[in-house]
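**Student:** Sending over a structure as structure tokens; questions will come in a sec.
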Amino acid sequence: MKEVIVIKLDEHELIIANTIHRLKKEARSHSPGIFTLLEKLPELHLSVDACFLSNPYATELFLRILSEEVLKTQKLRAFLEFYPSQNQAIAQNIAPFIGIEEKNIFVANGAIEIIQALMHRFVQKKVVVNIPTFSSYYEFATKDTKVLFYPLKKEEDFRLDTEHYIRFVKKHHPHTLILINQNNPCGGYLPKERLKELLASLYFVEHIILDLSFIHFAYEDEDLELVDLEGLFREFDNVTVLKSMSKDFGVAGLRVGYALMSEDKIRALLDNGYLWNVSGLGEYFLKRVMNEHFMRQYEIVRKDYIRQTQEFFTALKDLESLKIYPSRANFALVELLDGSRAEDFVAKMLIKYGIYVRTCKDKIGLDGEFVRIASRTREENQKILTALKDLFGK
Ligand SMILES: *Cc1c(COP(=O)(O)O)cnc(C)c1O
């Protein structure tokens with residue numbers, strides 16, 4: 001039976017779709033932000049941003065605190081007027097909460113700053129990057145670094161086959177490995193024990209970068225307890241751990257993140273820059289959230305969001321025109337099975353329903369029509385489901 005291609009754009013939609021394509025091209029391997037999108041296409045009525053991957057409930061929680069403690073008082077003035085603390089002073093402040101010595105903590109203007117620093121300074125010769133992936137890991141490689149792609153297989157739902165991976169690494173002798181757990185854009189997750197086994201087998205590799213940007217959305221038991229993978233830093237001295245705050249705490253605009261790495265590496269970075277790389281507001285955020293009191297409140301919104309996200313994925317799986325790949329993150333990689341093109345789907349969702357999802361056309365290692373859909377609030381997820389049912393009929 002021949003499949004019916006559902007999504008076609010009319011003339012008016014095509015004009016807007018072309019502008020969306022152009023903005024996407026200008027944003028290169030990332031997606032145009034909603035500010036850009038709405039500025040360039042004021043006729044769009046954006047109702048749900050399911051392109052960006054954050055917990056909206058966590059944003060609300062921090063916003064309430066910020067509003068009470070900073071905006072309604074005179075503190076904001078100090079954040080504008082004065083220099084923030086220096087890198088190491090902030091590290092010292094958060095070290096007790098992270099449970100790692102400050103000499104191994106590097107705070108940054110978002111995890112992206114750490115990726116850039118690592119790729120430029122400490123990734124040499126050959127690096128293995130699993131694809132599809134977060135593009136900065138190969139884009140920021142210097143011209144002297146050889147990037148070797150390790151393709152995750154669609155037939156295996158993009159899961160990492162650790163045995164096969166280890167054989168690949170042994171064959172190619174890379175200097176550095178990149179492991180993103182859960183991986184973006186697939187959402188695949190390697191449970192703690194399996195990750196530990198993998199790292200133990202990779203003792204002979206000089207440097208392993210473990211990116212835990214989505215780890216708060218992972219779970220291994222029914223209570224959805226936080227999985228502590230950061231602690232693996234203590235067990236494996238070739239591992240650098242990277243933690244973005246943008247997704248789980250919903251504060252991408254603040255630009256904060258941190259890394260756990262060897263003292264030598266941190267010394268090399270700090271001797272040569274990064275003095276005030278975290279803003280006053282970023283410093284306030286780190287201080288304010290890294291304590292037991294905040295985390296108790298945060299745990300409620302984190303767990304609620306995971307539950308709603310998993311319900312959302314279950315509902316998505318009912319749609320016959322879509323394949324939803326298994327995800328332990330807060331987004332799902334989705335394949336269009338009805339023959340529609342990913343770009344037409346993205347344009348249609350945006351123009352007709354005001355829902356912004358990410359095309360994965362630019363992702364190396366994805367063969368087919370793929371998009372990535374983020375989970376948002378329960379109401380927003382409902383809007384996405386309603387739109388998809390309207391679009392595909394079932
Ligand atoms: C978003 C993302 C980052 C960058 O996060 P920032 O802290 O906002 O710079 C790093 N790694 C992965 C895998 C991401 O998805």
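By convention in this document, the chains of the structure tokens carry letters A, B, ... by their order, each chain's residues are numbered from 1, and ligands are numbered from 1 in the order they are shown.
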Find the residues near Tyr305 in chain A: any atom within 9 Å, counting only C-alpha atoms, skip ones fewer than 3 places away on the same chain, and give them as a CSV table (one decimal) with all heavy atoms, in the first residue's frame.
**Tutor:**
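In the end it all went to selection_21.csv:
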```csv
chain,number,residue,atom,x,y,z
A,55,ASN,N,12.9,22.6,31.3
A,55,ASN,CA,11.8,22.4,32.2
A,55,ASN,C,11.1,23.7,32.6
A,55,ASN,O,11.7,24.5,33.4
A,55,ASN,CB,12.3,21.7,33.5
A,55,ASN,CG,11.2,21.4,34.5
A,55,ASN,OD1,10.1,21.9,34.3
A,55,ASN,ND2,11.5,20.7,35.6
A,56,PRO,N,10.0,24.0,32.1
A,56,PRO,CA,9.3,25.3,32.3
A,56,PRO,C,8.9,25.5,33.8
A,56,PRO,O,8.9,26.6,34.2
A,56,PRO,CB,8.1,25.3,31.4
A,56,PRO,CG,7.8,23.8,31.1
A,56,PRO,CD,9.1,23.1,31.2
A,57,TYR,N,8.7,24.4,34.5
A,57,TYR,CA,8.3,24.5,35.9
A,57,TYR,C,9.5,25.0,36.7
A,57,TYR,O,9.3,25.7,37.7
A,57,TYR,CB,7.7,23.2,36.4
A,57,TYR,CG,6.5,22.7,35.7
A,57,TYR,CD1,6.6,21.5,34.9
A,57,TYR,CD2,5.4,23.5,35.6
A,57,TYR,CE1,5.5,21.1,34.2
A,57,TYR,CE2,4.3,23.0,34.9
A,57,TYR,CZ,4.3,21.8,34.2
A,57,TYR,OH,3.3,21.4,33.5
A,58,ALA,N,10.7,24.6,36.3
A,58,ALA,CA,11.9,25.0,37.0
A,58,ALA,C,12.2,26.5,36.8
A,58,ALA,O,12.6,27.2,37.7
A,58,ALA,CB,13.1,24.1,36.6
A,217,PHE,N,16.7,14.7,34.0
A,217,PHE,CA,15.5,14.1,33.5
A,217,PHE,C,15.6,12.6,33.4
A,217,PHE,O,14.7,11.9,33.0
A,217,PHE,CB,15.2,14.7,32.1
A,217,PHE,CG,15.2,16.2,32.1
A,217,PHE,CD1,15.9,16.9,31.2
A,217,PHE,CD2,14.4,16.9,33.0
A,217,PHE,CE1,15.9,18.3,31.2
A,217,PHE,CE2,14.3,18.3,33.0
A,217,PHE,CZ,15.1,19.0,32.1
A,300,ILE,N,10.4,18.5,43.5
A,300,ILE,CA,8.9,18.4,43.2
A,300,ILE,C,8.7,18.7,41.7
A,300,ILE,O,8.0,18.0,41.0
A,300,ILE,CB,8.1,19.3,44.1
A,300,ILE,CG1,8.3,18.8,45.6
A,300,ILE,CG2,6.6,19.2,43.7
A,300,ILE,CD1,7.7,19.8,46.6
A,301,VAL,N,9.2,19.9,41.3
A,301,VAL,CA,8.9,20.2,39.9
A,301,VAL,C,9.7,19.3,38.9
A,301,VAL,O,9.2,19.1,37.8
A,301,VAL,CB,9.2,21.7,39.6
A,301,VAL,CG1,8.3,22.6,40.4
A,301,VAL,CG2,10.7,22.1,39.8
A,302,ARG,N,10.8,18.8,39.3
A,302,ARG,CA,11.6,18.0,38.4
A,302,ARG,C,10.8,16.6,38.2
A,302,ARG,O,10.6,16.2,37.1
A,302,ARG,CB,13.0,17.7,39.1
A,302,ARG,CG,13.9,16.8,38.2
A,302,ARG,CD,15.2,16.5,38.9
A,302,ARG,NE,15.0,15.6,40.0
A,302,ARG,CZ,15.0,14.2,39.8
A,302,ARG,NH1,15.1,13.7,38.7
A,302,ARG,NH2,14.8,13.5,40.9
A,308,GLN,N,5.0,14.0,33.5
A,308,GLN,CA,4.3,14.6,32.4
A,308,GLN,C,4.9,14.3,31.1
A,308,GLN,O,4.3,14.0,30.1
A,308,GLN,CB,4.1,16.1,32.6
A,308,GLN,CG,3.2,16.4,33.8
A,308,GLN,CD,3.2,17.9,34.1
A,308,GLN,OE1,3.4,18.7,33.2
A,308,GLN,NE2,2.9,18.3,35.3
A,309,THR,N,6.3,14.3,31.1
A,309,THR,CA,7.0,14.1,29.9
A,309,THR,C,6.8,12.7,29.4
A,309,THR,O,6.5,12.4,28.2
A,309,THR,CB,8.5,14.4,30.1
A,309,THR,OG1,8.7,15.7,30.4
A,309,THR,CG2,9.4,14.0,28.9
A,310,GLN,N,6.9,11.7,30.3
A,310,GLN,CA,6.7,10.3,29.9
A,310,GLN,C,5.3,10.1,29.4
A,310,GLN,O,5.1,9.3,28.5
A,310,GLN,CB,7.1,9.4,31.0
A,310,GLN,CG,8.7,9.4,31.3
A,310,GLN,CD,9.6,9.0,30.1
A,310,GLN,OE1,9.2,8.2,29.3
A,310,GLN,NE2,10.7,9.7,30.0
A,330,ASN,N,14.1,15.0,28.1
A,330,ASN,CA,12.8,15.7,28.0
A,330,ASN,C,12.4,16.1,26.6
A,330,ASN,O,11.8,17.1,26.4
A,330,ASN,CB,12.9,17.0,28.9
A,330,ASN,CG,14.0,18.0,28.4
A,330,ASN,OD1,15.0,17.5,27.7
A,330,ASN,ND2,13.8,19.2,28.7
A,375,SER,N,9.3,18.3,25.4
A,375,SER,CA,8.1,18.3,26.3
A,375,SER,C,8.1,19.7,27.1
A,375,SER,O,9.1,20.2,27.5
A,375,SER,CB,8.3,17.2,27.3
A,375,SER,OG,7.4,17.3,28.4
A,376,ARG,N,6.9,20.2,27.1
A,376,ARG,CA,6.7,21.5,27.8
A,376,ARG,C,5.7,21.3,29.0
A,376,ARG,O,5.7,20.3,29.6
A,376,ARG,CB,6.2,22.6,26.8
A,376,ARG,CG,7.1,22.8,25.6
A,376,ARG,CD,8.4,23.3,26.0
A,376,ARG,NE,8.4,24.6,26.7
A,376,ARG,CZ,9.3,25.2,27.4
A,376,ARG,NH1,10.5,24.6,27.4
A,376,ARG,NH2,9.2,26.3,28.0
A,377,THR,N,4.9,22.3,29.3
A,377,THR,CA,4.0,22.1,30.4
A,377,THR,C,2.9,21.2,29.9
A,377,THR,O,2.7,20.9,28.7
A,377,THR,CB,3.3,23.5,30.8
A,377,THR,OG1,2.5,23.9,29.6
A,377,THR,CG2,4.2,24.6,31.2
A,378,ARG,N,2.1,20.7,30.9
A,378,ARG,CA,1.0,19.7,30.5
A,378,ARG,C,0.1,20.3,29.4
A,378,ARG,O,-0.2,19.7,28.5
A,378,ARG,CB,0.3,19.3,31.8
A,378,ARG,CG,-0.9,18.4,31.5
A,378,ARG,CD,-1.5,17.9,32.8
A,378,ARG,NE,-0.8,16.7,33.2
A,378,ARG,CZ,-0.5,16.4,34.5
A,378,ARG,NH1,-0.8,17.3,35.4
A,378,ARG,NH2,0.1,15.3,34.9
```
**Student:** Got a sec: who's within 6 Å of range 358-366 of chain A, counting only C-alpha atoms, leaving out chain neighbours fewer than 5 positions off, as a ChimeraX atom specification?
**Tutor:** /A:51,131-132,342,371-372
**Student:** As a PDB file with all heavy atoms, in the first residue's frame, please: every protein or nucleic acid residue near ligand 1 (cut-off 7 Å, counting only C-alpha atoms and all ligand atoms).
**Tutor:**
```
ATOM      1  N   GLY A 110      27.890  29.023  30.682  1.00  0.00           N
ATOM      2  CA  GLY A 110      27.194  27.973  29.932  1.00  0.00           C
ATOM      3  C   GLY A 110      28.148  26.840  29.611  1.00  0.00           C
ATOM      4  O   GLY A 110      29.362  27.038  29.506  1.00  0.00           O
ATOM      5  N   ALA A 111      27.581  25.645  29.467  1.00  0.00           N
ATOM      6  CA  ALA A 111      28.408  24.471  29.139  1.00  0.00           C
ATOM      7  C   ALA A 111      29.115  24.665  27.801  1.00  0.00           C
ATOM      8  O   ALA A 111      30.196  24.121  27.574  1.00  0.00           O
ATOM      9  CB  ALA A 111      27.543  23.217  29.099  1.00  0.00           C
ATOM     10  N   ILE A 112      28.514  25.466  26.954  1.00  0.00           N
ATOM     11  CA  ILE A 112      29.102  25.662  25.621  1.00  0.00           C
ATOM     12  C   ILE A 112      30.497  26.288  25.732  1.00  0.00           C
ATOM     13  O   ILE A 112      31.379  25.981  24.941  1.00  0.00           O
ATOM     14  CB  ILE A 112      28.148  26.523  24.751  1.00  0.00           C
ATOM     15  CG1 ILE A 112      28.474  26.373  23.271  1.00  0.00           C
ATOM     16  CG2 ILE A 112      28.165  27.991  25.128  1.00  0.00           C
ATOM     17  CD1 ILE A 112      27.884  25.170  22.645  1.00  0.00           C
ATOM     18  N   GLU A 113      30.698  27.129  26.733  1.00  0.00           N
ATOM     19  CA  GLU A 113      32.012  27.735  26.916  1.00  0.00           C
ATOM     20  C   GLU A 113      33.042  26.660  27.299  1.00  0.00           C
ATOM     21  O   GLU A 113      34.216  26.723  26.914  1.00  0.00           O
ATOM     22  CB  GLU A 113      31.969  28.819  28.004  1.00  0.00           C
ATOM     23  CG  GLU A 113      33.283  29.584  28.106  1.00  0.00           C
ATOM     24  CD  GLU A 113      33.256  30.679  29.168  1.00  0.00           C
ATOM     25  OE1 GLU A 113      32.828  30.408  30.310  1.00  0.00           O
ATOM     26  OE2 GLU A 113      33.645  31.804  28.855  1.00  0.00           O
ATOM     27  N   PHE A 134      25.164  16.694  19.475  1.00  0.00           N
ATOM     28  CA  PHE A 134      25.191  18.139  19.678  1.00  0.00           C
ATOM     29  C   PHE A 134      26.393  18.647  18.874  1.00  0.00           C
ATOM     30  O   PHE A 134      27.538  18.274  19.163  1.00  0.00           O
ATOM     31  CB  PHE A 134      25.366  18.398  21.176  1.00  0.00           C
ATOM     32  CG  PHE A 134      25.256  19.838  21.570  1.00  0.00           C
ATOM     33  CD1 PHE A 134      24.049  20.520  21.456  1.00  0.00           C
ATOM     34  CD2 PHE A 134      26.361  20.520  22.061  1.00  0.00           C
ATOM     35  CE1 PHE A 134      23.955  21.856  21.831  1.00  0.00           C
ATOM     36  CE2 PHE A 134      26.269  21.851  22.436  1.00  0.00           C
ATOM     37  CZ  PHE A 134      25.059  22.519  22.320  1.00  0.00           C
ATOM     38  N   ILE A 180      27.737  11.705  25.571  1.00  0.00           N
ATOM     39  CA  ILE A 180      26.661  12.565  26.064  1.00  0.00           C
ATOM     40  C   ILE A 180      25.557  11.651  26.585  1.00  0.00           C
ATOM     41  O   ILE A 180      25.043  10.827  25.841  1.00  0.00           O
ATOM     42  CB  ILE A 180      26.102  13.477  24.946  1.00  0.00           C
ATOM     43  CG1 ILE A 180      27.255  14.199  24.236  1.00  0.00           C
ATOM     44  CG2 ILE A 180      25.101  14.478  25.506  1.00  0.00           C
ATOM     45  CD1 ILE A 180      26.816  15.052  23.063  1.00  0.00           C
ATOM     46  N   ASN A 183      21.871  11.286  25.300  1.00  0.00           N
ATOM     47  CA  ASN A 183      22.343  11.917  24.074  1.00  0.00           C
ATOM     48  C   ASN A 183      21.278  12.872  23.510  1.00  0.00           C
ATOM     49  O   ASN A 183      20.087  12.646  23.635  1.00  0.00           O
ATOM     50  CB  ASN A 183      22.675  10.840  23.044  1.00  0.00           C
ATOM     51  CG  ASN A 183      23.423  11.397  21.850  1.00  0.00           C
ATOM     52  OD1 ASN A 183      24.061  12.456  21.941  1.00  0.00           O
ATOM     53  ND2 ASN A 183      23.363  10.703  20.736  1.00  0.00           N
ATOM     54  N   ASN A 184      21.748  13.940  22.910  1.00  0.00           N
ATOM     55  CA  ASN A 184      20.907  14.890  22.202  1.00  0.00           C
ATOM     56  C   ASN A 184      21.301  14.783  20.731  1.00  0.00           C
ATOM     57  O   ASN A 184      22.487  14.897  20.441  1.00  0.00           O
ATOM     58  CB  ASN A 184      21.210  16.306  22.759  1.00  0.00           C
ATOM     59  CG  ASN A 184      20.458  17.407  22.060  1.00  0.00           C
ATOM     60  OD1 ASN A 184      19.596  17.137  21.237  1.00  0.00           O
ATOM     61  ND2 ASN A 184      20.785  18.650  22.382  1.00  0.00           N
ATOM     62  N   ASP A 211      29.230  14.484  29.037  1.00  0.00           N
ATOM     63  CA  ASP A 211      28.317  15.631  29.045  1.00  0.00           C
ATOM     64  C   ASP A 211      26.984  15.198  29.655  1.00  0.00           C
ATOM     65  O   ASP A 211      26.284  14.349  29.111  1.00  0.00           O
ATOM     66  CB  ASP A 211      28.147  16.115  27.595  1.00  0.00           C
ATOM     67  CG  ASP A 211      27.263  17.353  27.470  1.00  0.00           C
ATOM     68  OD1 ASP A 211      26.331  17.525  28.289  1.00  0.00           O
ATOM     69  OD2 ASP A 211      27.481  18.144  26.533  1.00  0.00           O
ATOM     70  N   SER A 213      24.247  17.159  30.374  1.00  0.00           N
ATOM     71  CA  SER A 213      23.357  18.324  30.288  1.00  0.00           C
ATOM     72  C   SER A 213      21.892  18.015  30.609  1.00  0.00           C
ATOM     73  O   SER A 213      21.140  18.899  30.977  1.00  0.00           O
ATOM     74  CB  SER A 213      23.460  18.954  28.906  1.00  0.00           C
ATOM     75  OG  SER A 213      24.727  19.549  28.756  1.00  0.00           O
ATOM     76  N   SER A 244      25.544  21.427  32.096  1.00  0.00           N
ATOM     77  CA  SER A 244      24.810  22.649  31.747  1.00  0.00           C
ATOM     78  C   SER A 244      23.709  22.833  32.782  1.00  0.00           C
ATOM     79  O   SER A 244      23.232  21.866  33.361  1.00  0.00           O
ATOM     80  CB  SER A 244      24.185  22.484  30.364  1.00  0.00           C
ATOM     81  OG  SER A 244      23.272  23.508  30.129  1.00  0.00           O
ATOM     82  N   MET A 245      23.300  24.054  33.048  1.00  0.00           N
ATOM     83  CA  MET A 245      22.161  24.293  33.926  1.00  0.00           C
ATOM     84  C   MET A 245      20.941  24.717  33.102  1.00  0.00           C
ATOM     85  O   MET A 245      19.841  24.862  33.614  1.00  0.00           O
ATOM     86  CB  MET A 245      22.459  25.417  34.926  1.00  0.00           C
ATOM     87  CG  MET A 245      23.816  25.345  35.588  1.00  0.00           C
ATOM     88  SD  MET A 245      23.993  23.918  36.652  1.00  0.00           S
ATOM     89  CE  MET A 245      23.421  24.571  38.187  1.00  0.00           C
ATOM     90  N   SER A 246      21.175  24.935  31.818  1.00  0.00           N
ATOM     91  CA  SER A 246      20.153  25.544  30.963  1.00  0.00           C
ATOM     92  C   SER A 246      18.880  24.721  30.837  1.00  0.00           C
ATOM     93  O   SER A 246      17.776  25.262  30.832  1.00  0.00           O
ATOM     94  CB  SER A 246      20.711  25.754  29.553  1.00  0.00           C
ATOM     95  OG  SER A 246      21.822  26.597  29.595  1.00  0.00           O
ATOM     96  N   LYS A 247      19.018  23.410  30.738  1.00  0.00           N
ATOM     97  CA  LYS A 247      17.873  22.574  30.410  1.00  0.00           C
ATOM     98  C   LYS A 247      17.086  22.186  31.658  1.00  0.00           C
ATOM     99  O   LYS A 247      15.892  22.397  31.736  1.00  0.00           O
ATOM    100  CB  LYS A 247      18.324  21.307  29.660  1.00  0.00           C
ATOM    101  CG  LYS A 247      19.440  21.526  28.641  1.00  0.00           C
ATOM    102  CD  LYS A 247      19.032  22.367  27.469  1.00  0.00           C
ATOM    103  CE  LYS A 247      20.147  22.846  26.559  1.00  0.00           C
ATOM    104  NZ  LYS A 247      21.096  21.923  26.001  1.00  0.00           N
ATOM    105  N   ALA A 252      18.464  29.027  30.355  1.00  0.00           N
ATOM    106  CA  ALA A 252      19.463  29.154  29.276  1.00  0.00           C
ATOM    107  C   ALA A 252      19.947  30.592  29.111  1.00  0.00           C
ATOM    108  O   ALA A 252      21.096  30.838  28.759  1.00  0.00           O
ATOM    109  CB  ALA A 252      18.887  28.644  27.962  1.00  0.00           C
ATOM    110  N   ARG A 255      23.151  31.777  31.205  1.00  0.00           N
ATOM    111  CA  ARG A 255      24.480  31.283  30.801  1.00  0.00           C
ATOM    112  C   ARG A 255      25.315  30.836  32.008  1.00  0.00           C
ATOM    113  O   ARG A 255      26.232  31.531  32.437  1.00  0.00           O
ATOM    114  CB  ARG A 255      25.259  32.331  29.963  1.00  0.00           C
ATOM    115  CG  ARG A 255      24.524  32.997  28.832  1.00  0.00           C
ATOM    116  CD  ARG A 255      23.900  32.017  27.868  1.00  0.00           C
ATOM    117  NE  ARG A 255      24.847  31.042  27.365  1.00  0.00           N
ATOM    118  CZ  ARG A 255      24.629  29.726  27.327  1.00  0.00           C
ATOM    119  NH1 ARG A 255      23.487  29.210  27.781  1.00  0.00           N
ATOM    120  NH2 ARG A 255      25.531  28.926  26.857  1.00  0.00           N
ATOM    121  N   VAL A 256      24.969  29.717  32.574  1.00  0.00           N
ATOM    122  CA  VAL A 256      25.790  29.125  33.634  1.00  0.00           C
ATOM    123  C   VAL A 256      25.943  27.621  33.440  1.00  0.00           C
ATOM    124  O   VAL A 256      25.024  26.951  32.971  1.00  0.00           O
ATOM    125  CB  VAL A 256      25.235  29.337  35.069  1.00  0.00           C
ATOM    126  CG1 VAL A 256      25.840  30.548  35.726  1.00  0.00           C
ATOM    127  CG2 VAL A 256      23.736  29.381  35.103  1.00  0.00           C
ATOM    128  N   GLY A 257      27.084  27.135  33.817  1.00  0.00           N
ATOM    129  CA  GLY A 257      27.346  25.706  33.754  1.00  0.00           C
ATOM    130  C   GLY A 257      28.650  25.471  34.499  1.00  0.00           C
ATOM    131  O   GLY A 257      29.298  26.425  34.932  1.00  0.00           O
TER     132      GLY A 257
END
```
**Student:** My list of candidates is A:Tyr219, A:Phe249, A:Phe236, A:Phe312. Which is closest to Ser201 in chain A when distances are computed with only C-alpha atoms?
**Tutor:** A:Phe236
**Student:** For the strand (DSSP E or B) assignment from backbone DSSP, which residues of range 74-270 of chain A qualify? Please present them as a PyMOL selection string.
**Tutor:** chain A and resi 105-108+126-131+146-151+176-180+207-211+239-244+257-260
**Student:** Smallest atom-to-atom distance to Glu230 in chain A: which of A:Phe35, A:Phe140, A:Tyr203, A:Tyr258, using only C-alpha atoms?
**Tutor:**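 When distances to Glu230 in chain A are compared using only C-alpha atoms, the smallest one comes from A:Tyr258.
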**Student:** Within 12 Å of Val48 in chain A, counting only C-alpha atoms, which residues qualify if same-chain residues fewer than 3 places away don't, as a ChimeraX atom specification?
**Tutor:** /A:34,44-45,51-53,56,349-351,353-357,373-385,387
**Student:** Rank nothing, just name the residue among A:Gly280, A:Lys303, A:Met119, A:Phe204 nearest to Ser136 in chain A, using only C-alpha atoms.
**Tutor:**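 Once distances to Ser136 in chain A are computed over only C-alpha atoms, the minimum belongs to A:Met119.
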**Student:** What gap, in Å, lies between CA of Ile114 in chain A and CA of Ala259 in chain A?
**Tutor:** 7.1 Å
**Student:** Under the rule of at most 10 Å, produce a per-residue listing of range 233-338 of chain A near range 100-109 of chain A: chain, number, name, the closest pair of atoms, and the distance in Å, as CSV, using only C-alpha atoms.
**Tutor:**
```
residue,atom,partner,partner_atom,distance
A:Phe233,CA,A:Ile100,CA,8.8
A:Arg234,CA,A:Ile100,CA,8.1
A:Thr240,CA,A:Asn104,CA,9.6
A:Val241,CA,A:Ile105,CA,9.6
A:Leu242,CA,A:Phe106,CA,9.4
A:Lys243,CA,A:Val107,CA,9.6
A:Ser244,CA,A:Ala108,CA,9.1
A:Leu254,CA,A:Asn109,CA,8.2
A:Arg255,CA,A:Asn109,CA,4.9
A:Val256,CA,A:Asn109,CA,4.8
A:Gly257,CA,A:Ala108,CA,5.2
A:Tyr258,CA,A:Val107,CA,4.2
A:Ala259,CA,A:Phe106,CA,5.1
A:Leu260,CA,A:Ile105,CA,4.9
A:Met261,CA,A:Asn104,CA,5.2
A:Ser262,CA,A:Asn104,CA,5.7
A:Glu263,CA,A:Asn104,CA,5.4
A:Asp264,CA,A:Asn104,CA,8.9
A:Lys265,CA,A:Asn104,CA,8.8
A:Ile266,CA,A:Phe106,CA,6.4
A:Arg267,CA,A:Lys103,CA,8.5
A:Leu269,CA,A:Phe106,CA,8.9
A:Leu270,CA,A:Phe106,CA,8.8
A:Tyr274,CA,A:Ala108,CA,7.9
A:Leu275,CA,A:Ala108,CA,9.9
A:Trp276,CA,A:Ala108,CA,9.1
A:Asn277,CA,A:Asn109,CA,5.7
A:Val278,CA,A:Asn109,CA,5.3
A:Ser279,CA,A:Asn109,CA,7.9
A:Gly282,CA,A:Asn109,CA,8.3
A:Glu283,CA,A:Val107,CA,9.5
A:Leu286,CA,A:Val107,CA,9.7
```
**Student:** Skip range 141-145 of chain A itself and residues of its chain fewer than 3 positions away, then list as a VMD selection string all residues within 10 Å of it, counting only C-alpha atoms.
**Tutor:** chain A and resid 115 to 116 118 to 121 123 to 127 136 to 138 148 175
**Student:** Could you turn the residues from that selection into a file that holds C-alpha atoms, as a PDB file, in the first residue's frame?
**Tutor:**
```pdb
ATOM      1  CA  ILE A 115      33.042  22.605  25.240  1.00  0.00           C
ATOM      2  CA  GLN A 116      34.865  25.359  23.382  1.00  0.00           C
ATOM      3  CA  LEU A 118      38.103  21.700  25.991  1.00  0.00           C
ATOM      4  CA  MET A 119      38.000  21.311  22.231  1.00  0.00           C
ATOM      5  CA  HIS A 120      40.515  24.110  21.731  1.00  0.00           C
ATOM      6  CA  ARG A 121      42.908  23.302  24.528  1.00  0.00           C
ATOM      7  CA  VAL A 123      41.378  17.639  22.632  1.00  0.00           C
ATOM      8  CA  GLN A 124      44.214  16.539  20.434  1.00  0.00           C
ATOM      9  CA  LYS A 125      44.947  14.212  17.582  1.00  0.00           C
ATOM     10  CA  LYS A 126      41.822  12.150  17.255  1.00  0.00           C
ATOM     11  CA  VAL A 127      38.412  12.504  18.897  1.00  0.00           C
ATOM     12  CA  SER A 136      29.591  21.859  18.816  1.00  0.00           C
ATOM     13  CA  TYR A 137      31.603  18.743  19.609  1.00  0.00           C
ATOM     14  CA  TYR A 138      32.805  18.512  16.044  1.00  0.00           C
ATOM     15  CA  LEU A 148      36.014  10.405  13.882  1.00  0.00           C
ATOM     16  CA  HIS A 175      42.976  10.676  22.208  1.00  0.00           C
TER      17      HIS A 175
END
```
**Student:** Considering only C-alpha atoms, state which residue in the set A:Phe214, A:Ile65, A:Asp318, A:Leu232 is at the smallest distance from Gln297 in chain A.
**Tutor:**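 Of all the options, A:Ile65 lies closest to Gln297 in chain A.
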**Student:** Measuring atom to atom with only C-alpha atoms, identify which of A:Asp248, A:Glu156, A:Glu206, A:Asp49 is nearest to His173 in chain A.
**Tutor:**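 Residue with the minimum atom-to-atom distance to His173 in chain A: A:Glu206.
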**Student:** Run DSSP on the backbone and tell me which residues of range 205-295 of chain A come out as helix (DSSP H, G or I); list them as an MDAnalysis selection string.
**Tutor:** chainID A and resid 215:217 232:235 252:254 263:270 280:289 292:295
**Student:** Give me, as a list of chain:residue names, all polymer residues having an atom no more than 10 Å from Phe168 in chain A, counting only C-alpha atoms and skipping those fewer than 5 positions away in the same chain.
**Tutor:**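 The contact residues come out as A:Val128, A:Tyr150, A:Thr162, A:Glu163, A:His173, A:Pro174.
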